[in-house]
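First up is the structure itself, then whatever we jot down about it.
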Amino acid sequence: DATLGATMDNEMYSNLPLQMSANGNADQRRATDFAILMPGVSNVYTGTGNSTSATTGVNGSGPAGGVQEVYTDGVDLPEGDGIGDPRFTWTAIGVDAVNQFQVETAGISAQFAGQGVQNYAIKSGGNAIHGSLYEYNRNTLFDAWAFTSKSPTLRPDGTFKTVKPREIQNEFGLVISGPIIKNKLFLFGNYGQYRYQHGATI
């Protein structure tokens, strides 16, 4: 067929760096961030200013136009703002739950909508039991001084001291898969949580 696109599997994207708090926003890791590595996809975020609400730009289009579609195992995650709902679609799909994803940029099949399509396939269970625990941490203790943050802070005793603004991020979770009925019924689950704490900023 004439479909243009590319597929990235878990082995490839799990070896690539993925930043927490991309584009200056405090946020969790997103599998959708890897879509910009595909041909014909650009890193364009508009609308709310939070990259998690955007779906990148495909073939020169803008995400605020609602012309890109995100699918999870073939199920559409529709943009609510396209039908009068001011809320946006949260595209922070769990990175550790994605087996592979496909981006189609041209010649899209009639079963899909949109100018560009991102389809994320979730991992599945098998006869062997597998699991993992993970945590990604960013802590003020390990942060370098920001250029604009070396401002003296008034302490309760009336003295001034230069302190780092508090900024702590934690993303942690559990992945487990295995059989329920051998060779017939399987289980896969991924639980994740993201926490962000910060102090006053100047």
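Labels used: A, B, ... for chains in the order of the structure tokens, numbers from 1 for residues in each chain, and numbers from 1 for ligands as shown.
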Margin query: So that I can check the surroundings of Val58 of chain A, please list as a list of chain:residue names every protein, DNA and RNA residue that reaches within 7 Å of it, counting only C-alpha atoms and ignoring chain neighbours fewer than 3 positions away.
Written below: A:Gly40, A:Val41, A:Ser42, A:Ser61, A:Thr105, A:Gly116
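In this comparison, which uses only C-alpha atoms, the residue of A:Gly5, A:Gly131, A:Gly158, A:Gly189 approaching Val98 of chain A most closely is A:Gly189.
Atom to atom, atom CA of Gln115 of chain A and atom CA of Met12 of chain A stand 25.5 Å apart.
Residue nearest Ala106 of chain A, chosen from A:Pro39, A:Arg30, A:Gln197, A:Thr159 and counting only C-alpha atoms: A:Pro39.
The gap separating atom CA of Asp96 of chain A from atom CA of Gly125 of chain A is 13.5 Å, in Å to one decimal.
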Next item on the list: Might you pull out every residue within 6 Å of segment 165-168 of chain A, with only C-alpha atoms counted and same-chain residues fewer than 4 positions away left off, and present them as a PyMOL selection string?
Entry: chain A and resi 138-140+196-199
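Taking atom CA of Gln193 of chain A as the reference point, atom CA of Ala97 of chain A is found at 13.3 Å.
Among the residues of segment 90-195 of chain A, backbone DSSP assigns helix (DSSP H, G or I) to Val95, Asp96, Ala97, Thr140, Leu141 and Phe142 of chain A.
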Margin query: Ranking A:Thr72, A:Gln169, A:Gln28, A:Ser177 by minimum distance to Ile122 of chain A and counting only C-alpha atoms, which one comes first?
Written below: A:Thr72
Margin query: So that I can see what lies close to Tyr134 of chain A, please list as a ChimeraX atom specification the residues with an atom at most 7 Å from it, counting only C-alpha atoms and leaving out residues fewer than 3 positions away in the same chain.
Written below: /A:172-174
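Here the question is which of A:Ala121, A:Ala31, A:Ala110, A:Leu187 gets nearest to Gly74 of chain A using only C-alpha atoms, and that residue is A:Ala121.
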Next item on the list: Tell me, as a ChimeraX atom specification, which residues lie within 10 Å of Val95 of chain A, counting only C-alpha atoms; anything in the same chain fewer than 5 positions away does not count.
Entry: /A:10,13-14,18,28-33,100,122,190,192
Can I get the selection written as a PDB file, in the first residue's frame, with N, CA and C atoms?
```pdb
ATOM      1  N   ASN A  10       9.937  -1.423  21.625  1.00  0.00           N
ATOM      2  CA  ASN A  10      10.358  -1.140  22.996  1.00  0.00           C
ATOM      3  C   ASN A  10      11.868  -1.204  23.160  1.00  0.00           C
ATOM      4  N   TYR A  13      13.294   2.276  21.842  1.00  0.00           N
ATOM      5  CA  TYR A  13      13.053   3.507  22.596  1.00  0.00           C
ATOM      6  C   TYR A  13      13.440   3.406  24.062  1.00  0.00           C
ATOM      7  N   SER A  14      13.517   2.180  24.611  1.00  0.00           N
ATOM      8  CA  SER A  14      13.934   2.058  26.002  1.00  0.00           C
ATOM      9  C   SER A  14      15.423   2.350  26.183  1.00  0.00           C
ATOM     10  N   LEU A  18      15.073   9.855  27.940  1.00  0.00           N
ATOM     11  CA  LEU A  18      13.747  10.459  28.022  1.00  0.00           C
ATOM     12  C   LEU A  18      13.706  11.350  29.246  1.00  0.00           C
ATOM     13  N   GLN A  28       5.723  14.110  33.852  1.00  0.00           N
ATOM     14  CA  GLN A  28       6.252  12.757  33.844  1.00  0.00           C
ATOM     15  C   GLN A  28       6.828  12.400  32.481  1.00  0.00           C
ATOM     16  N   ARG A  29       7.458  11.235  32.422  1.00  0.00           N
ATOM     17  CA  ARG A  29       7.978  10.743  31.146  1.00  0.00           C
ATOM     18  C   ARG A  29       6.808  10.379  30.235  1.00  0.00           C
ATOM     19  N   ARG A  30       6.962  10.647  28.946  1.00  0.00           N
ATOM     20  CA  ARG A  30       5.875  10.388  28.004  1.00  0.00           C
ATOM     21  C   ARG A  30       6.382   9.571  26.823  1.00  0.00           C
ATOM     22  N   ALA A  31       5.706   8.474  26.504  1.00  0.00           N
ATOM     23  CA  ALA A  31       6.059   7.705  25.320  1.00  0.00           C
ATOM     24  C   ALA A  31       5.830   8.525  24.058  1.00  0.00           C
ATOM     25  N   THR A  32       4.875   9.454  24.105  1.00  0.00           N
ATOM     26  CA  THR A  32       4.561  10.258  22.932  1.00  0.00           C
ATOM     27  C   THR A  32       5.705  11.193  22.536  1.00  0.00           C
ATOM     28  N   ASP A  33       6.654  11.443  23.446  1.00  0.00           N
ATOM     29  CA  ASP A  33       7.789  12.293  23.101  1.00  0.00           C
ATOM     30  C   ASP A  33       8.640  11.683  21.992  1.00  0.00           C
ATOM     31  N   GLN A 100       5.334  -1.271  21.447  1.00  0.00           N
ATOM     32  CA  GLN A 100       5.828  -0.565  20.276  1.00  0.00           C
ATOM     33  C   GLN A 100       4.793   0.469  19.861  1.00  0.00           C
ATOM     34  N   ILE A 122       0.134  -1.845  23.568  1.00  0.00           N
ATOM     35  CA  ILE A 122       0.475  -2.134  24.960  1.00  0.00           C
ATOM     36  C   ILE A 122       1.032  -3.553  25.069  1.00  0.00           C
ATOM     37  N   ASN A 190       0.355  -2.296  34.622  1.00  0.00           N
ATOM     38  CA  ASN A 190       1.364  -1.281  34.904  1.00  0.00           C
ATOM     39  C   ASN A 190       0.714  -0.199  35.757  1.00  0.00           C
ATOM     40  N   GLY A 192       1.588   3.337  37.751  1.00  0.00           N
ATOM     41  CA  GLY A 192       2.595   4.383  37.882  1.00  0.00           C
ATOM     42  C   GLY A 192       2.025   5.591  38.589  1.00  0.00           C
TER      43      GLY A 192
END
```
